[in-house]
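Quick look at query-v5.cif (mmCIF, C-alpha atoms and all ligand atoms):
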```
data_coords
loop_
_atom_site.group_PDB
_atom_site.id
_atom_site.type_symbol
_atom_site.label_atom_id
_atom_site.label_comp_id
_atom_site.auth_asym_id
_atom_site.auth_seq_id
_atom_site.Cartn_x
_atom_site.Cartn_y
_atom_site.Cartn_z
ATOM 1 C CA MET M 1082 210.526 249.998 88.534
ATOM 2 C CA PRO M 1083 208.235 250.678 91.480
ATOM 3 C CA ASP M 1084 211.018 250.932 94.037
ATOM 4 C CA GLU M 1085 214.730 250.605 94.683
ATOM 5 C CA ALA M 1086 214.437 246.816 95.122
ATOM 6 C CA ALA M 1087 212.918 246.520 91.631
ATOM 7 C CA THR M 1088 215.831 248.497 90.219
ATOM 8 C CA ALA M 1089 218.224 246.097 91.969
ATOM 9 C CA ASP M 1090 216.353 243.108 90.479
ATOM 10 C CA PHE M 1091 216.632 244.627 87.038
ATOM 11 C CA ALA M 1092 220.350 245.252 87.619
ATOM 12 C CA ALA M 1093 220.786 241.572 88.498
ATOM 13 C CA ARG M 1094 219.213 240.610 85.164
ATOM 14 C CA LEU M 1095 221.275 243.126 83.230
ATOM 15 C CA ALA M 1096 224.612 242.280 84.865
ATOM 16 C CA PRO M 1097 225.295 238.961 83.088
ATOM 17 C CA THR M 1098 224.545 240.524 79.691
ATOM 18 C CA LEU M 1099 227.286 243.156 79.986
ATOM 19 C CA GLN M 1100 230.452 242.479 77.998
ATOM 20 C CA ALA M 1101 233.983 243.826 78.109
ATOM 21 C CA GLY M 1102 234.485 246.790 75.788
ATOM 22 C CA MET M 1103 230.947 248.132 76.143
ATOM 23 C CA THR M 1104 229.952 251.711 76.887
ATOM 24 C CA VAL M 1105 226.635 252.288 78.624
ATOM 25 C CA TYR M 1106 225.120 255.753 79.004
ATOM 26 C CA LEU M 1107 222.893 256.331 82.013
ATOM 27 C CA ARG M 1108 220.670 259.352 81.451
ATOM 28 C CA GLY M 1109 218.197 260.964 83.783
ATOM 29 C CA ASP M 1110 217.689 263.792 86.246
ATOM 30 C CA LEU M 1111 219.388 264.156 89.614
ATOM 31 C CA GLY M 1112 218.133 261.357 91.846
ATOM 32 C CA ALA M 1113 216.645 259.387 88.967
ATOM 33 C CA GLY M 1114 218.384 256.181 90.061
ATOM 34 C CA LYS M 1115 221.512 255.930 87.876
ATOM 35 C CA THR M 1116 223.909 255.240 90.743
ATOM 36 C CA THR M 1117 221.352 252.904 92.299
ATOM 37 C CA LEU M 1118 221.470 250.809 89.125
ATOM 38 C CA VAL M 1119 225.286 250.716 89.145
ATOM 39 C CA ARG M 1120 225.209 249.656 92.802
ATOM 40 C CA GLY M 1121 222.836 246.815 91.859
ATOM 41 C CA LEU M 1122 225.059 245.756 88.975
ATOM 42 C CA LEU M 1123 228.124 245.650 91.192
ATOM 43 C CA GLN M 1124 226.299 243.662 93.836
ATOM 44 C CA ALA M 1125 225.075 241.206 91.202
ATOM 45 C CA LEU M 1126 228.662 240.848 89.992
ATOM 46 C CA GLY M 1127 229.731 239.867 93.471
ATOM 47 C CA TYR M 1128 231.233 243.127 94.689
ATOM 48 C CA ARG M 1129 230.663 243.495 98.412
ATOM 49 C CA GLY M 1130 232.391 246.807 99.097
ATOM 50 C CA ARG M 1131 230.951 250.270 99.277
ATOM 51 C CA VAL M 1132 229.814 251.868 96.022
ATOM 52 C CA LYS M 1133 230.534 255.564 96.177
ATOM 53 C CA SER M 1134 228.994 257.979 93.740
ATOM 54 C CA PRO M 1135 231.903 259.384 91.693
ATOM 55 C CA THR M 1136 230.436 262.873 91.928
ATOM 56 C CA TYR M 1137 233.791 264.493 92.739
ATOM 57 C CA THR M 1138 236.286 261.897 91.560
ATOM 58 C CA LEU M 1139 234.393 261.576 88.223
ATOM 59 C CA ILE M 1140 235.442 257.903 88.055
ATOM 60 C CA GLU M 1141 235.444 254.869 90.309
ATOM 61 C CA GLN M 1142 236.961 251.618 89.144
ATOM 62 C CA TYR M 1143 236.068 248.055 90.052
ATOM 63 C CA ASP M 1144 238.203 245.228 88.720
ATOM 64 C CA LEU M 1145 236.048 242.185 89.342
ATOM 65 C CA PRO M 1146 236.635 238.550 88.371
ATOM 66 C CA GLY M 1147 234.150 238.709 85.499
ATOM 67 C CA LEU M 1148 234.337 242.352 84.458
ATOM 68 C CA ASN M 1149 236.468 245.472 84.736
ATOM 69 C CA LEU M 1150 233.828 248.039 85.473
ATOM 70 C CA ARG M 1151 234.353 251.799 85.240
ATOM 71 C CA HIS M 1152 231.722 254.059 86.757
ATOM 72 C CA PHE M 1153 231.767 257.658 85.587
ATOM 73 C CA ASP M 1154 229.697 260.564 86.884
ATOM 74 C CA LEU M 1155 230.417 263.502 84.591
ATOM 75 C CA TYR M 1156 227.987 265.942 86.210
ATOM 76 C CA ARG M 1157 230.899 268.145 87.252
ATOM 77 C CA PHE M 1158 232.973 267.573 84.140
ATOM 78 C CA ARG M 1159 233.516 270.913 82.463
ATOM 79 C CA ASP M 1160 236.620 271.082 80.323
ATOM 80 C CA ALA M 1161 236.876 268.744 77.339
ATOM 81 C CA GLU M 1162 240.656 269.318 77.363
ATOM 82 C CA GLU M 1163 240.790 267.478 80.693
ATOM 83 C CA TRP M 1164 239.503 264.338 79.046
ATOM 84 C CA GLU M 1165 242.769 262.962 77.784
ATOM 85 C CA ALA M 1166 244.964 264.394 80.548
ATOM 86 C CA ALA M 1167 242.787 262.696 83.158
ATOM 87 C CA GLY M 1168 243.324 259.407 81.342
ATOM 88 C CA PHE M 1169 239.633 258.989 80.685
ATOM 89 C CA ARG M 1170 240.046 258.288 77.011
ATOM 90 C CA ASP M 1171 242.217 255.261 77.784
ATOM 91 C CA GLU M 1172 239.511 253.788 80.009
ATOM 92 C CA PHE M 1173 237.296 253.196 76.986
ATOM 93 C CA ASN M 1174 239.132 250.129 75.781
ATOM 94 C CA ARG M 1175 238.279 246.547 74.938
ATOM 95 C CA ASP M 1176 238.909 245.321 78.482
ATOM 96 C CA ASN M 1177 236.645 247.696 80.376
ATOM 97 C CA THR M 1178 232.913 248.098 80.658
ATOM 98 C CA CYS M 1179 232.172 251.798 81.112
ATOM 99 C CA LEU M 1180 228.975 253.028 82.749
ATOM 100 C CA VAL M 1181 228.545 256.766 82.320
ATOM 101 C CA GLU M 1182 226.221 259.061 84.269
ATOM 102 C CA TRP M 1183 225.671 262.521 82.738
ATOM 103 C CA PRO M 1184 227.161 261.652 79.316
ATOM 104 C CA GLU M 1185 225.787 264.928 77.928
ATOM 105 C CA GLN M 1186 228.450 266.773 79.984
ATOM 106 C CA ALA M 1187 231.221 265.257 77.826
ATOM 107 C CA ALA M 1188 229.375 264.817 74.560
ATOM 108 C CA SER M 1189 232.250 266.146 72.431
ATOM 109 C CA VAL M 1190 234.820 263.645 73.719
ATOM 110 C CA LEU M 1191 232.876 260.652 74.940
ATOM 111 C CA PRO M 1192 232.825 257.514 72.763
ATOM 112 C CA PRO M 1193 229.345 256.565 71.535
ATOM 113 C CA ALA M 1194 227.172 254.279 73.602
ATOM 114 C CA ASP M 1195 226.453 250.645 72.844
ATOM 115 C CA LEU M 1196 223.552 250.815 75.235
ATOM 116 C CA GLU M 1197 221.651 253.734 76.659
ATOM 117 C CA ILE M 1198 219.364 253.613 79.675
ATOM 118 C CA VAL M 1199 217.060 256.571 80.251
ATOM 119 C CA PHE M 1200 215.589 256.987 83.731
ATOM 120 C CA THR M 1201 212.426 258.999 84.241
ATOM 121 C CA ILE M 1202 211.123 259.864 87.691
ATOM 122 C CA GLN M 1203 207.492 258.813 88.080
ATOM 123 C CA GLN M 1204 205.051 259.697 90.837
ATOM 124 C CA THR M 1205 206.084 256.443 92.469
ATOM 125 C CA GLY M 1206 209.177 254.739 91.202
ATOM 126 C CA ARG M 1207 211.092 255.136 87.991
ATOM 127 C CA ASN M 1208 210.608 254.362 84.352
ATOM 128 C CA LEU M 1209 213.569 252.883 82.472
ATOM 129 C CA ASP M 1210 213.859 252.968 78.681
ATOM 130 C CA LEU M 1211 216.611 250.937 77.028
ATOM 131 C CA TYR M 1212 218.117 251.699 73.642
ATOM 132 C CA ALA M 1213 220.703 249.596 71.820
ATOM 133 C CA HIS M 1214 222.889 251.582 69.401
ATOM 134 C CA THR M 1215 225.302 248.862 68.257
ATOM 135 C CA ASP M 1216 225.321 245.104 67.721
ATOM 136 C CA ALA M 1217 226.951 244.713 71.124
ATOM 137 C CA GLY M 1218 224.085 246.687 72.643
ATOM 138 C CA LYS M 1219 221.518 244.612 70.772
ATOM 139 C CA ARG M 1220 223.102 241.374 71.965
ATOM 140 C CA CYS M 1221 222.819 242.723 75.468
ATOM 141 C CA LEU M 1222 219.085 243.455 75.133
ATOM 142 C CA ASN M 1223 218.424 240.131 73.401
ATOM 143 C CA ALA M 1224 220.126 238.342 76.283
ATOM 144 C CA LEU M 1225 217.969 240.078 78.885
ATOM 145 C CA PRO M 1226 215.631 237.576 80.490
ATOM 146 C CA TYR M 1227 212.074 238.831 81.134
HETATM 147 N N1 LIG M 1301 212.970 252.425 91.149
HETATM 148 C C1 LIG M 1301 213.005 253.319 92.142
HETATM 149 N N2 LIG M 1301 211.883 253.785 92.683
HETATM 150 C C2 LIG M 1301 211.917 254.691 93.658
HETATM 151 N N3 LIG M 1301 213.022 255.241 94.167
HETATM 152 C C3 LIG M 1301 214.175 254.825 93.667
HETATM 153 C C4 LIG M 1301 214.234 253.868 92.623
HETATM 154 N N4 LIG M 1301 215.519 253.668 92.301
HETATM 155 C C5 LIG M 1301 216.210 254.469 93.100
HETATM 156 N N5 LIG M 1301 215.418 255.161 93.935
HETATM 157 C C6 LIG M 1301 215.778 256.150 94.942
HETATM 158 O O1 LIG M 1301 216.035 257.362 94.258
HETATM 159 C C7 LIG M 1301 217.284 257.885 94.624
HETATM 160 C C8 LIG M 1301 218.197 257.757 93.441
HETATM 161 O O2 LIG M 1301 219.469 258.187 93.756
HETATM 162 P P1 LIG M 1301 220.700 257.910 92.807
HETATM 163 O O3 LIG M 1301 221.875 258.410 93.541
HETATM 164 O O4 LIG M 1301 220.690 256.507 92.336
HETATM 165 O O5 LIG M 1301 220.345 258.863 91.586
HETATM 166 P P2 LIG M 1301 221.278 259.348 90.386
HETATM 167 O O6 LIG M 1301 220.449 259.225 89.172
HETATM 168 O O7 LIG M 1301 222.566 258.617 90.413
HETATM 169 O O8 LIG M 1301 221.485 260.871 90.725
HETATM 170 P P3 LIG M 1301 222.727 261.857 90.391
HETATM 171 O O9 LIG M 1301 222.476 262.398 89.012
HETATM 172 O O10 LIG M 1301 222.603 262.892 91.441
HETATM 173 O O11 LIG M 1301 223.987 261.065 90.480
HETATM 174 C C9 LIG M 1301 217.733 257.076 95.826
HETATM 175 O O12 LIG M 1301 217.278 257.741 96.990
HETATM 176 C C10 LIG M 1301 217.030 255.749 95.671
HETATM 177 O O13 LIG M 1301 216.711 255.142 96.875
HETATM 178 MG MG MG M 1302 224.501 259.242 90.494
#
```
Reformat the file's structure so that it appears as C-alpha cells.
Ligand SMILES: Nc1ncnc2c1ncn2[C@@H]1O[C@H](COP(=O)(O)OP(=O)(O)OP(=O)(O)O)[C@@H](O)[C@H]1O
Ligand SMILES: [Mg+2]
Amino acid sequence: MPDEAATADFAARLAPTLQAGMTVYLRGDLGAGKTTLVRGLLQALGYRGRVKSPTYTLIEQYDLPGLNLRHFDLYRFRDAEEWEAAGFRDEFNRDNTCLVEWPEQAASVLPPADLEIVFTIQQTGRNLDLYAHTDAGKRCLNALPY
C-alpha cells in the first residue's frame, strides 16, 4: 500500500467480505495504519461520521445497516480482570464484527481471530499481510477481489 489512498482502496475491497460474528486482529507498530484501515472500512460501509481512534475509550461502536462494527484499541488495556466488567466479552457475539488494534495487550482474554492483518511500515507506504485462521476468515480472503 504505497499511501493512505491505497489503504482506503483496500479497505473498500475488504468491507463487503466482512461478516457478522467475525473477529479481526490488526497488528502493527504505532502509526502503522490500523486505524486508517478501520476508517476506510467504515467509509466503504457508508458511515459518514467522524472515526475517532479509541485510544482512551478502548472501544467505539458503529451500528450500520449492513454490519455492527466494534473498533477496539487495546494499547492502554492493562488489567485482564477489567475485560468482563467493561462488557468487552459480550461484544464478541454473533451479531458484531470486532476489529481489534493491539490484540497482544489482551491476549489472555481476547477471543481468537478469524482474520489477522499485519501492518509493516516500509520506507514509503505500508505492507499488509493477511492471515485467515478459521473458515470464516478463509471465506473472507477467498471473497477478496484482486
Ligand atoms: N499505506 C500507507 N502509506 C503511507 N502512510 C500511511 C498509509 N496508511 C496510513 N498512513 C499514514 O500513517 C499514519 C497511520 O496512522 P494510524 O492512526 O492509522 O496508525 P495506527 O496503526 O492506528 O496507530 P496506533 O497504534 O497508534 O493506533 C497516518 O498518518 C496515515 O496517514
Ligand atoms: Mg490506531
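Each of M:Tyr1143, M:Tyr1106, M:Trp1183, M:Phe1173 was checked against ligand MG 1302 (chain M) using all atoms listed in the file; the smallest atom-to-atom distance is that of M:Trp1183.
Applied to this file, the PyMOL selection byres (((not hetatm)) within 9 of (chain M and resi 1302)) selects Leu1111, Gly1112, Ala1113, Gly1114, Lys1115, Thr1116, Thr1117, Val1119, Ser1134, Pro1135, Thr1136, Phe1153, Asp1154, Tyr1156, Glu1182 and Trp1183 of chain M.
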Surrounding residues as a VMD selection string, ligand LIG 1301 (chain M), max 12 Å, all atoms listed in the file: chain M and resid 1082 to 1092 1106 to 1121 1132 to 1137 1139 1152 to 1157 1180 to 1186 1198 to 1209
Could you state which residues are captured by the PyMOL selection byres (((chain M and resi 1212) around 8) and not hetatm) in this file, as JSON, numbers by chain? {"M": [1196, 1197, 1198, 1210, 1211, 1213, 1214, 1218]}
With all atoms listed in the file as the counted atoms, please give the residues lying no more than 10 Å from Glu1163 of chain M, apart from itself and same-chain residues fewer than 6 positions off, as a PyMOL selection string. chain M and resi 1169-1170+1190
If we count only C-alpha atoms and set the cut-off at 8 Å, which residues sit around Ser1189 of chain M, ignoring sequence neighbours fewer than 2 positions away in its own chain? Please answer as a PDB file with C-alpha atoms, keeping the file's coordinate frame.
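Output saved as around01.pdb:
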```pdb
ATOM      1  CA  ALA M1161     236.876 268.744  77.339  1.00  0.00           C
ATOM      2  CA  ALA M1187     231.221 265.257  77.826  1.00  0.00           C
ATOM      3  CA  LEU M1191     232.876 260.652  74.940  1.00  0.00           C
TER       4      LEU M1191
END
```
Contacts of Thr1098 of chain M within 7 Å, only C-alpha atoms, excl. fewer than 4 positions in-chain, as a ChimeraX atom specification: /M:1221,1224-1225
I'd like to see the residues matched by the PyMOL selection byres (((chain M and resi 1146) around 12) and not hetatm) on this file, and ideally I'd get them as JSON, numbers by chain. {"M": [1101, 1123, 1126, 1127, 1128, 1143, 1144, 1145, 1147, 1148, 1149, 1150]}
Using Å and a single decimal, report how far atom CA of Pro1097 of chain M sits from atom CA of Arg1129 of chain M. 16.9 Å
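In this comparison, which uses all atoms listed in the file, the residue of M:Asp1171, M:Pro1192, M:Leu1099, M:Arg1131 approaching Lys1219 of chain M most closely is M:Leu1099.
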